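Data block for structure_25.pdb (PDB, C-alpha atoms):
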```
ATOM      1  CA  MET A  23      -2.365 -40.221  33.608
ATOM      2  CA  ASN A  24      -4.227 -36.900  33.654
ATOM      3  CA  TYR A  25      -5.965 -37.668  30.365
ATOM      4  CA  LEU A  26      -8.028 -40.376  32.031
ATOM      5  CA  GLN A  27      -9.320 -37.850  34.604
ATOM      6  CA  GLY A  28     -11.203 -36.271  31.719
ATOM      7  CA  MET A  29     -13.810 -39.037  31.996
ATOM      8  CA  ASN A  30     -14.762 -37.652  35.419
ATOM      9  CA  LEU A  31     -15.510 -34.201  34.049
ATOM     10  CA  PRO A  32     -19.115 -33.037  33.712
ATOM     11  CA  LEU A  33     -20.667 -33.630  30.290
ATOM     12  CA  GLU A  34     -19.846 -30.096  29.158
ATOM     13  CA  GLY A  35     -16.171 -30.646  29.973
ATOM     14  CA  GLN A  36     -16.093 -33.950  28.132
ATOM     15  CA  VAL A  37     -17.708 -32.400  25.068
ATOM     16  CA  ARG A  38     -15.146 -29.612  25.190
ATOM     17  CA  ASN A  39     -12.311 -32.115  25.484
ATOM     18  CA  HIS A  40     -13.636 -34.008  22.502
ATOM     19  CA  ALA A  41     -13.695 -30.821  20.432
ATOM     20  CA  ILE A  42     -10.151 -29.921  21.506
ATOM     21  CA  GLU A  43      -8.776 -33.357  20.689
ATOM     22  CA  LYS A  44     -10.482 -33.299  17.299
ATOM     23  CA  ALA A  45      -9.077 -29.836  16.572
ATOM     24  CA  TYR A  46      -5.591 -30.980  17.595
ATOM     25  CA  PHE A  47      -5.536 -33.847  15.125
ATOM     26  CA  GLN A  48      -7.004 -31.639  12.416
ATOM     27  CA  ILE A  49      -4.133 -29.225  12.988
ATOM     28  CA  ILE A  50      -1.632 -32.055  12.650
ATOM     29  CA  GLU A  51      -3.247 -33.239   9.434
ATOM     30  CA  ALA A  52      -3.177 -29.744   7.967
ATOM     31  CA  THR A  53       0.424 -29.229   9.076
ATOM     32  CA  ILE A  54       1.531 -32.471   7.426
ATOM     33  CA  ARG A  55      -0.332 -31.506   4.247
ATOM     34  CA  HIS A  56       1.372 -28.163   4.278
ATOM     35  CA  SER A  57       4.797 -29.688   4.844
ATOM     36  CA  LYS A  58       4.658 -31.451   1.466
ATOM     37  CA  ALA A  59       6.249 -28.398  -0.140
ATOM     38  CA  PHE A  60       9.282 -28.601   2.137
ATOM     39  CA  ASN A  61      12.560 -30.498   1.910
ATOM     40  CA  THR A  62      12.930 -34.019   3.349
ATOM     41  CA  GLU A  63      14.118 -32.844   6.742
ATOM     42  CA  PHE A  64      11.122 -30.558   7.182
ATOM     43  CA  ARG A  65       8.672 -33.136   5.855
ATOM     44  CA  THR A  66       9.760 -35.543   8.576
ATOM     45  CA  ALA A  67       8.085 -35.434  11.948
ATOM     46  CA  ILE A  68       7.941 -37.566  15.048
ATOM     47  CA  GLN A  69       4.615 -38.367  16.612
ATOM     48  CA  VAL A  70       4.427 -39.607  20.160
ATOM     49  CA  ASN A  71       1.264 -41.259  21.389
ATOM     50  CA  HIS A  72       1.491 -40.930  25.148
ATOM     51  CA  LYS A  73      -1.813 -42.744  25.622
ATOM     52  CA  ASN A  74       0.310 -45.872  25.306
ATOM     53  CA  ASN A  75       2.993 -44.532  27.609
ATOM     54  CA  PRO A  76       2.577 -45.832  31.187
ATOM     55  CA  ASP A  77       4.926 -43.111  32.514
ATOM     56  CA  ALA A  78       3.031 -40.199  30.953
ATOM     57  CA  THR A  79       1.328 -37.739  33.275
ATOM     58  CA  TYR A  80       0.092 -34.607  31.500
ATOM     59  CA  GLN A  81       1.151 -35.366  27.914
ATOM     60  CA  VAL A  82      -1.360 -37.056  25.650
ATOM     61  CA  HIS A  83       0.183 -36.655  22.207
ATOM     62  CA  GLN A  84       3.063 -34.820  20.549
ATOM     63  CA  PHE A  85       3.850 -33.816  16.984
ATOM     64  CA  LEU A  86       7.477 -32.770  16.733
ATOM     65  CA  SER A  87       8.982 -31.307  13.591
ATOM     66  CA  PRO A  88      11.960 -29.042  12.846
ATOM     67  CA  TYR A  89       9.662 -26.022  12.447
ATOM     68  CA  ILE A  90       6.833 -26.585  14.910
ATOM     69  CA  TYR A  91       5.867 -28.584  17.960
ATOM     70  CA  LEU A  92       2.249 -29.415  18.698
ATOM     71  CA  GLN A  93       1.268 -31.005  21.979
ATOM     72  CA  LEU A  94      -1.979 -32.205  23.421
ATOM     73  CA  GLU A  95      -1.854 -32.041  27.188
ATOM     74  CA  ALA A  96      -4.211 -32.658  30.076
ATOM     75  CA  ASP A  97      -4.176 -30.766  33.353
ATOM     76  CA  GLU A  98      -4.718 -32.526  36.679
ATOM     77  CA  ASP A  99      -8.500 -32.324  36.217
ATOM     78  CA  GLY A 100      -8.289 -33.897  32.794
ATOM     79  CA  GLN A 101      -8.995 -30.666  30.879
ATOM     80  CA  LEU A 102      -7.204 -30.763  27.545
ATOM     81  CA  ILE A 103      -5.119 -27.955  26.094
ATOM     82  CA  ILE A 104      -3.180 -27.609  22.870
ATOM     83  CA  SER A 105       0.341 -26.220  23.161
ATOM     84  CA  TYR A 106       2.446 -25.087  20.265
ATOM     85  CA  ALA A 107       5.972 -23.825  19.800
ATOM     86  CA  ASP A 108       7.305 -22.386  16.573
ATOM     87  CA  ASN A 109      10.976 -22.535  15.669
ATOM     88  CA  ILE A 110      11.905 -19.001  14.644
ATOM     89  CA  GLU A 111      15.119 -20.119  12.948
ATOM     90  CA  ALA A 112      13.247 -22.620  10.814
ATOM     91  CA  MET A 113      10.702 -19.994   9.919
ATOM     92  CA  ASP A 114      13.505 -18.032   8.251
ATOM     93  CA  VAL A 115      14.067 -21.069   6.038
ATOM     94  CA  ILE A 116      10.473 -21.839   5.074
ATOM     95  CA  GLY A 117       9.479 -18.202   4.534
ATOM     96  CA  PHE A 118       6.707 -15.809   5.590
ATOM     97  CA  TYR A 119       3.932 -17.427   3.630
ATOM     98  CA  ASP A 120       4.366 -20.942   5.002
ATOM     99  CA  TYR A 121       5.036 -19.665   8.532
ATOM    100  CA  SER A 122       1.806 -17.690   8.463
ATOM    101  CA  ARG A 123      -0.166 -20.581   6.966
ATOM    102  CA  ILE A 124       1.044 -22.975   9.643
ATOM    103  CA  LEU A 125      -0.059 -20.585  12.366
ATOM    104  CA  LEU A 126      -3.333 -20.037  10.525
ATOM    105  CA  ASN A 127      -4.044 -23.771  10.703
ATOM    106  CA  ILE A 128      -3.630 -23.731  14.471
ATOM    107  CA  PHE A 129      -5.983 -20.800  14.949
ATOM    108  CA  HIS A 130      -8.432 -21.939  12.299
ATOM    109  CA  PHE A 131      -9.183 -25.298  13.892
ATOM    110  CA  THR A 132      -9.398 -23.841  17.396
ATOM    111  CA  ASN A 133     -11.673 -21.028  16.267
ATOM    112  CA  GLN A 134     -14.714 -22.650  17.801
ATOM    113  CA  ALA A 135     -16.834 -21.372  20.656
ATOM    114  CA  GLY A 136     -15.619 -22.783  23.930
ATOM    115  CA  ILE A 137     -12.170 -23.913  22.857
ATOM    116  CA  GLU A 138     -10.514 -20.680  21.781
ATOM    117  CA  ASP A 139      -8.700 -20.396  25.093
ATOM    118  CA  SER A 140      -7.471 -23.972  24.943
ATOM    119  CA  LEU A 141      -4.372 -22.819  23.095
ATOM    120  CA  GLU A 142      -1.032 -22.150  24.770
ATOM    121  CA  HIS A 143       2.304 -21.122  23.349
ATOM    122  CA  PHE A 144       5.680 -22.285  24.653
ATOM    123  CA  ILE A 145       9.281 -21.668  23.651
ATOM    124  CA  TYR A 146      10.725 -23.991  21.023
ATOM    125  CA  SER A 147      13.714 -26.023  22.193
ATOM    126  CA  LYS A 148      15.681 -28.207  19.767
ATOM    127  CA  SER A 149      16.504 -30.676  22.522
ATOM    128  CA  ILE A 150      12.908 -31.930  22.612
ATOM    129  CA  LEU A 151      13.111 -33.050  18.987
ATOM    130  CA  GLU A 152      16.617 -34.438  19.405
ATOM    131  CA  GLU A 153      15.606 -36.561  22.381
ATOM    132  CA  ALA A 154      12.534 -37.801  20.556
ATOM    133  CA  ARG A 155      14.657 -38.756  17.522
ATOM    134  CA  ILE A 156      16.951 -40.838  19.712
ATOM    135  CA  LYS A 157      14.049 -42.618  21.373
ATOM    136  CA  ALA A 158      12.240 -43.191  18.089
ATOM    137  CA  LYS A 159      15.333 -44.669  16.429
ATOM    138  CA  SER A 160      16.273 -46.843  19.379
ATOM    139  CA  ASN A 161      12.905 -48.618  19.153
ATOM    140  CA  THR A 162      12.698 -48.920  22.915
ATOM    141  CA  SER A 163       9.064 -47.955  22.932
ATOM    142  CA  ASP A 164       6.154 -48.504  20.577
ATOM    143  CA  PHE A 165       4.569 -45.101  20.992
ATOM    144  CA  TYR A 166       7.115 -43.178  18.914
ATOM    145  CA  SER A 167       6.657 -43.030  15.159
ATOM    146  CA  ILE A 168       8.598 -41.194  12.463
ATOM    147  CA  THR A 169       6.644 -40.067   9.404
ATOM    148  CA  THR A 170       7.805 -38.323   6.249
ATOM    149  CA  ALA A 171       5.144 -36.643   4.124
ATOM    150  CA  GLU A 172       5.176 -37.238   0.373
ATOM    151  CA  PRO A 173       6.605 -34.251  -1.479
ATOM    152  CA  LEU A 174       4.438 -32.045  -3.669
ATOM    153  CA  LYS A 175       4.802 -32.222  -7.434
ATOM    154  CA  ASP A 176       7.268 -29.637  -8.763
ATOM    155  CA  GLN A 177       4.790 -27.125 -10.209
ATOM    156  CA  PHE A 178       3.023 -26.693  -6.861
ATOM    157  CA  ALA A 179       6.306 -26.343  -5.014
ATOM    158  CA  LEU A 180       7.269 -23.580  -7.459
ATOM    159  CA  LEU A 181       3.949 -21.794  -6.856
ATOM    160  CA  ILE A 182       4.532 -21.827  -3.119
ATOM    161  CA  PHE A 183       8.127 -20.690  -3.585
ATOM    162  CA  LEU A 184       6.909 -17.702  -5.619
ATOM    163  CA  SER A 185       4.219 -16.816  -3.087
ATOM    164  CA  ASN A 186       6.923 -16.562  -0.412
ATOM    165  CA  HIS A 187       8.383 -13.603  -2.228
ATOM    166  CA  PHE A 188       5.281 -11.400  -1.947
TER     167      PHE A 188
ATOM    168  CA  MET B   8     -25.053 -11.888 -32.618
ATOM    169  CA  THR B   9     -21.963 -10.395 -31.021
ATOM    170  CA  VAL B  10     -21.458 -11.193 -27.366
ATOM    171  CA  LYS B  11     -19.551  -8.618 -25.421
ATOM    172  CA  THR B  12     -17.143 -10.098 -22.932
ATOM    173  CA  ILE B  13     -15.231  -8.177 -20.385
ATOM    174  CA  ASP B  14     -11.568  -7.590 -21.188
ATOM    175  CA  PRO B  15      -9.573 -10.174 -19.139
ATOM    176  CA  GLU B  16      -7.213  -7.447 -17.928
ATOM    177  CA  VAL B  17     -10.087  -5.354 -16.676
ATOM    178  CA  LYS B  18     -11.586  -8.400 -14.977
ATOM    179  CA  LEU B  19      -8.284  -9.150 -13.225
ATOM    180  CA  GLN B  20      -8.007  -5.581 -12.038
ATOM    181  CA  GLN B  21     -11.578  -5.641 -10.733
ATOM    182  CA  ASN B  22     -10.826  -8.867  -8.868
ATOM    183  CA  LEU B  23      -7.688  -7.328  -7.398
ATOM    184  CA  ASP B  24      -9.546  -4.174  -6.349
ATOM    185  CA  ALA B  25     -12.248  -6.246  -4.685
ATOM    186  CA  ARG B  26      -9.654  -8.333  -2.883
ATOM    187  CA  ASN B  27      -7.764  -5.249  -1.708
ATOM    188  CA  LYS B  28     -10.936  -3.668  -0.435
ATOM    189  CA  GLU B  29     -11.668  -6.816   1.551
ATOM    190  CA  VAL B  30      -8.144  -6.757   3.015
ATOM    191  CA  GLU B  31      -8.530  -3.126   4.087
ATOM    192  CA  TRP B  32     -11.826  -3.954   5.739
ATOM    193  CA  ALA B  33     -10.246  -6.914   7.541
ATOM    194  CA  TYR B  34      -7.358  -4.692   8.693
ATOM    195  CA  GLN B  35      -9.793  -2.275  10.279
ATOM    196  CA  GLN B  36     -11.728  -5.118  11.912
ATOM    197  CA  ILE B  37      -8.499  -6.481  13.372
ATOM    198  CA  ILE B  38      -7.574  -3.099  14.847
ATOM    199  CA  ASP B  39     -11.018  -2.687  16.396
ATOM    200  CA  ALA B  40     -10.660  -6.141  17.949
ATOM    201  CA  MET B  41      -7.106  -5.527  19.151
ATOM    202  CA  LYS B  42      -7.730  -2.358  21.146
ATOM    203  CA  PRO B  43      -9.744  -3.997  23.958
ATOM    204  CA  LEU B  44      -6.876  -6.452  24.480
ATOM    205  CA  LEU B  45      -4.831  -3.563  25.889
ATOM    206  CA  SER B  46      -7.417  -2.574  28.500
ATOM    207  CA  PRO B  47      -6.426  -5.084  31.233
ATOM    208  CA  PHE B  48      -2.990  -3.479  31.652
ATOM    209  CA  ASP B  49      -2.436  -1.068  34.553
ATOM    210  CA  GLY B  50       0.358   0.968  33.065
ATOM    211  CA  ARG B  51      -0.650   3.783  30.733
ATOM    212  CA  LYS B  52       2.196   3.051  28.308
ATOM    213  CA  TYR B  53       0.881  -0.493  27.871
ATOM    214  CA  ARG B  54      -2.558   0.876  26.939
ATOM    215  CA  THR B  55      -1.194   3.460  24.506
ATOM    216  CA  PHE B  56      -1.331   2.894  20.771
ATOM    217  CA  ILE B  57      -0.162   4.862  17.772
ATOM    218  CA  GLN B  58      -1.853   4.903  14.378
ATOM    219  CA  VAL B  59       0.006   6.106  11.329
ATOM    220  CA  ASP B  60      -1.663   7.051   8.063
ATOM    221  CA  HIS B  61       1.275   6.701   5.708
ATOM    222  CA  THR B  62      -0.739   7.943   2.733
ATOM    223  CA  LYS B  63      -0.632  11.435   4.280
ATOM    224  CA  SER B  64       3.035  11.390   5.224
ATOM    225  CA  GLY B  65       4.187  12.848   1.932
ATOM    226  CA  LYS B  66       6.789  10.121   1.575
ATOM    227  CA  GLU B  67       6.879   7.608  -1.218
ATOM    228  CA  THR B  68       6.257   4.308   0.502
ATOM    229  CA  LYS B  69       4.440   1.008   0.088
ATOM    230  CA  LEU B  70       3.112   1.387   3.621
ATOM    231  CA  ILE B  71      -0.528   2.434   3.868
ATOM    232  CA  SER B  72      -1.471   2.292   7.516
ATOM    233  CA  GLU B  73       0.104   1.163  10.753
ATOM    234  CA  PHE B  74      -0.942   0.313  14.311
ATOM    235  CA  ILE B  75       1.795   0.227  16.920
ATOM    236  CA  CYS B  76       1.626  -0.430  20.624
ATOM    237  CA  PHE B  77       4.067  -1.612  23.249
ATOM    238  CA  PHE B  78       3.421  -5.245  22.370
ATOM    239  CA  TRP B  79       2.802  -5.508  18.632
ATOM    240  CA  ASN B  80       2.830  -3.818  15.289
ATOM    241  CA  LEU B  81       0.236  -4.295  12.553
ATOM    242  CA  THR B  82       0.898  -2.832   9.119
ATOM    243  CA  LEU B  83      -1.179  -2.559   5.980
ATOM    244  CA  THR B  84       1.026  -2.358   2.892
ATOM    245  CA  GLN B  85       0.873  -2.871  -0.839
ATOM    246  CA  ASN B  86       3.358  -5.254  -2.424
ATOM    247  CA  ILE B  87       5.028  -4.914  -5.817
ATOM    248  CA  ALA B  88       2.222  -6.843  -7.509
ATOM    249  CA  GLY B  89      -0.414  -4.430  -6.208
ATOM    250  CA  TYR B  90      -1.780  -6.754  -3.523
ATOM    251  CA  ARG B  91      -2.665  -5.287  -0.141
ATOM    252  CA  MET B  92      -0.934  -7.258   2.598
ATOM    253  CA  ILE B  93      -1.139  -7.225   6.383
ATOM    254  CA  TYR B  94       2.073  -7.724   8.335
ATOM    255  CA  PHE B  95       2.020  -8.576  12.011
ATOM    256  CA  SER B  96       4.954  -8.470  14.430
ATOM    257  CA  TYR B  97       4.926  -9.173  18.148
ATOM    258  CA  ASP B  98       7.522  -7.945  20.607
ATOM    259  CA  GLU B  99       9.864 -10.769  21.625
ATOM    260  CA  GLU B 100      10.530  -9.407  25.134
ATOM    261  CA  SER B 101       6.831  -9.076  25.862
ATOM    262  CA  ILE B 102       6.247 -12.782  25.423
ATOM    263  CA  ALA B 103       8.952 -13.528  27.954
ATOM    264  CA  ARG B 104       7.776 -10.801  30.358
ATOM    265  CA  PHE B 105       4.008 -10.973  30.145
ATOM    266  CA  GLY B 106       3.482 -14.474  28.878
ATOM    267  CA  ALA B 107       1.964 -15.693  25.665
ATOM    268  CA  ARG B 108      -1.720 -15.257  26.487
ATOM    269  CA  THR B 109      -1.985 -11.795  24.940
ATOM    270  CA  TYR B 110       0.149 -12.996  22.023
ATOM    271  CA  ASN B 111      -2.301 -15.832  21.338
ATOM    272  CA  ARG B 112      -5.322 -13.556  21.688
ATOM    273  CA  VAL B 113      -3.940 -10.961  19.312
ATOM    274  CA  LEU B 114      -2.893 -13.556  16.786
ATOM    275  CA  ARG B 115      -6.364 -15.066  16.968
ATOM    276  CA  GLN B 116      -7.899 -11.713  16.020
ATOM    277  CA  VAL B 117      -5.481 -11.376  13.116
ATOM    278  CA  PHE B 118      -6.460 -14.755  11.704
ATOM    279  CA  LYS B 119     -10.128 -14.619  12.689
ATOM    280  CA  HIS B 120     -10.850 -11.568  10.575
ATOM    281  CA  THR B 121      -9.016 -12.905   7.536
ATOM    282  CA  MET B 122     -10.228 -16.506   7.654
ATOM    283  CA  PHE B 123     -12.050 -17.780   4.619
ATOM    284  CA  GLU B 124     -15.270 -18.386   6.573
ATOM    285  CA  ASN B 125     -15.416 -14.784   7.794
ATOM    286  CA  THR B 126     -14.752 -12.858   4.579
ATOM    287  CA  LYS B 127     -16.597 -12.361   1.298
ATOM    288  CA  LEU B 128     -13.477 -13.199  -0.712
ATOM    289  CA  ASN B 129     -10.609 -15.496   0.192
ATOM    290  CA  ILE B 130      -7.937 -13.220   1.619
ATOM    291  CA  GLU B 131      -6.161 -15.722   3.854
ATOM    292  CA  ASP B 132      -2.952 -15.210   1.906
ATOM    293  CA  CYS B 133      -2.809 -11.507   2.816
ATOM    294  CA  ILE B 134      -1.414 -12.187   6.284
ATOM    295  CA  ARG B 135       2.305 -12.339   6.972
ATOM    296  CA  VAL B 136       3.319 -13.060  10.539
ATOM    297  CA  ASN B 137       6.874 -11.978  11.236
ATOM    298  CA  ASN B 138       9.215 -13.510  13.773
ATOM    299  CA  PRO B 139       8.906 -11.885  17.214
ATOM    300  CA  THR B 140      11.012  -8.777  17.044
ATOM    301  CA  LYS B 141      11.915  -5.537  18.883
ATOM    302  CA  VAL B 142       8.648  -3.641  18.646
ATOM    303  CA  GLN B 143       9.086  -1.826  21.989
ATOM    304  CA  SER B 144      11.963   0.394  20.885
ATOM    305  CA  PHE B 145      10.145   1.238  17.665
ATOM    306  CA  PHE B 146       7.008   2.120  19.646
ATOM    307  CA  ILE B 147       8.921   4.299  22.110
ATOM    308  CA  ASN B 148      10.654   6.182  19.296
ATOM    309  CA  ARG B 149       7.335   6.891  17.607
ATOM    310  CA  LEU B 150       5.847   7.991  20.918
ATOM    311  CA  ALA B 151       8.724  10.379  21.506
ATOM    312  CA  ASN B 152       8.110  12.019  18.115
ATOM    313  CA  GLY B 153       4.534  12.828  19.121
ATOM    314  CA  GLU B 154       1.426  13.420  17.046
ATOM    315  CA  ASN B 155       1.180  15.245  13.750
ATOM    316  CA  ASP B 156      -0.994  15.343  10.615
ATOM    317  CA  PHE B 157      -0.680  11.644   9.974
ATOM    318  CA  ILE B 158       0.194  10.192  13.398
ATOM    319  CA  THR B 159      -2.327   9.896  16.222
ATOM    320  CA  ILE B 160      -1.681   8.655  19.747
ATOM    321  CA  GLU B 161      -4.473   7.324  21.937
ATOM    322  CA  VAL B 162      -4.853   5.485  25.218
ATOM    323  CA  VAL B 163      -7.335   2.667  25.782
ATOM    324  CA  GLU B 164      -9.434   3.023  28.948
ATOM    325  CA  GLN B 165      -8.359   0.664  31.661
ATOM    326  CA  GLU B 166     -10.716  -2.225  32.247
ATOM    327  CA  ALA B 167     -12.710  -1.824  35.460
ATOM    328  CA  ASN B 168     -11.761  -4.467  38.071
TER     329      ASN B 168
END
```

Whole structure given in structure tokens:
Amino acid sequence: MNYLQGMNLPLEGQVRNHAIEKAYFQIIEATIRHSKAFNTEFRTAIQVNHKNNPDATYQVHQFLSPYIYLQLEADEDGQLIISYADNIEAMDVIGFYDYSRILLNIFHFTNQAGIEDSLEHFIYSKSILEEARIKAKSNTSDFYSITTAEPLKDQFALLIFLSNHF
Amino acid sequence: MTVKTIDPEVKLQQNLDARNKEVEWAYQQIIDAMKPLLSPFDGRKYRTFIQVDHTKSGKETKLISEFICFFWNLTLTQNIAGYRMIYFSYDEESIARFGARTYNRVLRQVFKHTMFENTKLNIEDCIRVNNPTKVQSFFINRLANGENDFITIEVVEQEAN
């Protein structure tokens, strides 16, 4: 597993990796918080902890939702990167405001010296989420988990709905 | 003793004016940060950008200012509530052709200059990122129309190797 190679990096590299991993999980937390205004389908995400996956090579962790994928990956030297893919079709559903805020979260938490270039973008493919759903539901592995964020109270949801129209 | 308090409507307008001023400043900062991102490209058309001052166009429009290049379009507008907004669109073909590195770098500049930590007022909600779209054809059309009183065309110097 490439992630473990990170322990062989010089101190600077390990510090950088630590910052990237922290930023990644902060992005996930902010994304989940933001999803509370969405419908049930969009509040549900699958998280995959590949640290427990003996077959994993470059993947460390995944956050898979109908509107965005976030992935923490390690190259062959153990250097971490954060990859993201946004589902354009879903963005039409959730609106400009939420789409922009979700991207803002990603860039906000990686806006630190030394990790700005740790971000990569890839093309969203529905099959990744579909495969993950099947594996998560079949319970064949303990590193898949399905989470559904609690919905926001109605008055906040209305505020966000209105902000989408400006 | 009578205490004079500011009229709430005046206060709201002052807050809105201050916010809009901050958004305009951020827009300019973003443009200044975007231009160097074009310098690595060899082709002149990739280093060309067009700036449109819509306030001088003579047309009634909500658009205020625009920056267009081969890869992206950044627009400063005013919405129906009087809020200045910044819209960003990236060319969908360019991501496929040139990769997403420039896309990420440009997007970072857009968010960096409007992030709460980097502005005097909170203007994070002024940004609207559109789905990747056909910016190229729009850029080429504008280029073909040439310069005039409110449209300027410039080329960024190529980065020395």

Give one line per residue of chain B that approaches chain A to at most 6 Å, naming the two atoms of the closest pair and their distance in Å to one decimal, counting all atoms listed in the file; sort by chain then ascending residue number and deliver it as a Markdown table.
```
| residue | atom | partner | partner_atom | distance |
| --- | --- | --- | --- | --- |
| B:Ala107 | CA | A:His143 | CA | 5.9 |
| B:Arg135 | CA | A:Ser122 | CA | 5.6 |
| B:Val136 | CA | A:Ser122 | CA | 5.3 |
```

Could you expand the PyMOL selection byres ((chain B and resi 146) around 8) into the explicit residues it covers here, written as a tab-separated table (two decimals) with C-alpha atoms, in the frame of the given file?
```tsv
chain	number	residue	atom	x	y	z
B	57	ILE	CA	-0.16	4.86	17.77
B	75	ILE	CA	1.80	0.23	16.92
B	76	CYS	CA	1.63	-0.43	20.62
B	77	PHE	CA	4.07	-1.61	23.25
B	142	VAL	CA	8.65	-3.64	18.65
B	143	GLN	CA	9.09	-1.83	21.99
B	144	SER	CA	11.96	0.39	20.88
B	145	PHE	CA	10.14	1.24	17.66
B	147	ILE	CA	8.92	4.30	22.11
B	148	ASN	CA	10.65	6.18	19.30
B	149	ARG	CA	7.34	6.89	17.61
B	150	LEU	CA	5.85	7.99	20.92
```

I'd like the contact shell of Pro32 (chain A) - 12 Å cut-off, only C-alpha atoms, skipping same-chain residues fewer than 5 positions apart - returned as a PDB file with C-alpha atoms, keeping the file's coordinate frame.
```
ATOM      1  CA  GLN A  27      -9.320 -37.850  34.604  1.00  0.00           C
ATOM      2  CA  VAL A  37     -17.708 -32.400  25.068  1.00  0.00           C
ATOM      3  CA  ARG A  38     -15.146 -29.612  25.190  1.00  0.00           C
ATOM      4  CA  ASN A  39     -12.311 -32.115  25.484  1.00  0.00           C
ATOM      5  CA  ASP A  99      -8.500 -32.324  36.217  1.00  0.00           C
ATOM      6  CA  GLY A 100      -8.289 -33.897  32.794  1.00  0.00           C
ATOM      7  CA  GLN A 101      -8.995 -30.666  30.879  1.00  0.00           C
TER       8      GLN A 101
END
```

> Nearest to Ala107 (chain A): which of B:Asn22, B:Asp98, B:Asn111, B:Gly65 is it, counting only C-alpha atoms?
Replying inline: B:Asn111

>> Can you pull out the residues contacting Ala158 (chain A)? Cut-off 10 Å, using only C-alpha atoms, and skip same-chain residues under 3 positions away; I want them as a PyMOL selection string.
In response: chain A and resi 68-70+152-155+161-168

I'd like the residues picked by the PyMOL selection byres ((chain A and resi 103) around 10) written out as a compact mmCIF listing (two decimals) with C-alpha atoms, in the coordinates of the input, using the chain letters and numbers from the file.
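The result, stored in expr-v1.txt:
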```
# COMPACT_ATOMS: atom_id res chain seq x y z
CA ASN A 39 -12.31 -32.12 25.48
CA ILE A 42 -10.15 -29.92 21.51
CA GLU A 43 -8.78 -33.36 20.69
CA TYR A 46 -5.59 -30.98 17.60
CA GLN A 81 1.15 -35.37 27.91
CA VAL A 82 -1.36 -37.06 25.65
CA GLN A 93 1.27 -31.00 21.98
CA LEU A 94 -1.98 -32.20 23.42
CA GLU A 95 -1.85 -32.04 27.19
CA ALA A 96 -4.21 -32.66 30.08
CA ASP A 97 -4.18 -30.77 33.35
CA GLY A 100 -8.29 -33.90 32.79
CA GLN A 101 -8.99 -30.67 30.88
CA LEU A 102 -7.20 -30.76 27.54
CA ILE A 104 -3.18 -27.61 22.87
CA SER A 105 0.34 -26.22 23.16
CA TYR A 106 2.45 -25.09 20.26
CA ILE A 137 -12.17 -23.91 22.86
CA ASP A 139 -8.70 -20.40 25.09
CA SER A 140 -7.47 -23.97 24.94
CA LEU A 141 -4.37 -22.82 23.10
CA GLU A 142 -1.03 -22.15 24.77
```

> From the list B:Asn138, B:Ser64, B:Ser96, B:Thr159, which residue is nearest Val115 (chain A) when using only C-alpha atoms?
Replying inline: B:Asn138

>> Could you tell me how far CA of Cys133 (chain B) sits from CA of Arg91 (chain B), in Å to one decimal place?
In response: 6.9 Å

Suppose a student applies the PyMOL selection byres ((chain B and resi 29-44) around 6) to this structure; what residues should they get, written as an mmCIF file with C-alpha atoms, in the coordinates of the input?
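Resulting contents of out-v4.cif:
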```
data_model
loop_
_atom_site.group_PDB
_atom_site.id
_atom_site.type_symbol
_atom_site.label_atom_id
_atom_site.label_comp_id
_atom_site.auth_asym_id
_atom_site.auth_seq_id
_atom_site.Cartn_x
_atom_site.Cartn_y
_atom_site.Cartn_z
ATOM 1 C CA ARG B 26 -9.654 -8.333 -2.883
ATOM 2 C CA ASN B 27 -7.764 -5.249 -1.708
ATOM 3 C CA LYS B 28 -10.936 -3.668 -0.435
ATOM 4 C CA LEU B 45 -4.831 -3.563 25.889
ATOM 5 C CA SER B 46 -7.417 -2.574 28.500
ATOM 6 C CA GLN B 116 -7.899 -11.713 16.020
ATOM 7 C CA VAL B 117 -5.481 -11.376 13.116
ATOM 8 C CA HIS B 120 -10.850 -11.568 10.575
#
```

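Between Ser72 (chain B) and the residues B:Leu114, B:Ile158, B:Leu23, B:Phe56, the shortest atom-to-atom distance, using all atoms listed in the file, involves B:Ile158.
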
> If you measure from CA of Ala171 (chain A) to CA of Glu63 (chain A), what distance in Å do you get, rounded to one decimal?
Replying inline: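 About the pair CA of Ala171 (chain A) and CA of Glu63 (chain A): they are 10.1 Å apart.
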
> Using only C-alpha atoms, which of the listed residues (A:Arg55, A:Lys73, A:Arg65, A:His40) sits closest to Leu86 (chain A)?
Replying inline: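 Result for the nearest residue to Leu86 (chain A): A:Arg65.
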
> At what distance in Å, to one decimal, does CA of Pro88 (chain A) lie from CA of Ser57 (chain A)?
Replying inline: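 Separation of CA of Ser57 (chain A) and CA of Pro88 (chain A): 10.8 Å.
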
> Between B:Lys66, B:Arg112, B:Lys141, B:His61, which one has atoms that come closest to Tyr97 (chain B), using all atoms listed in the file?
Replying inline: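 Ranked by minimum distance to Tyr97 (chain B), first place goes to B:Lys141.
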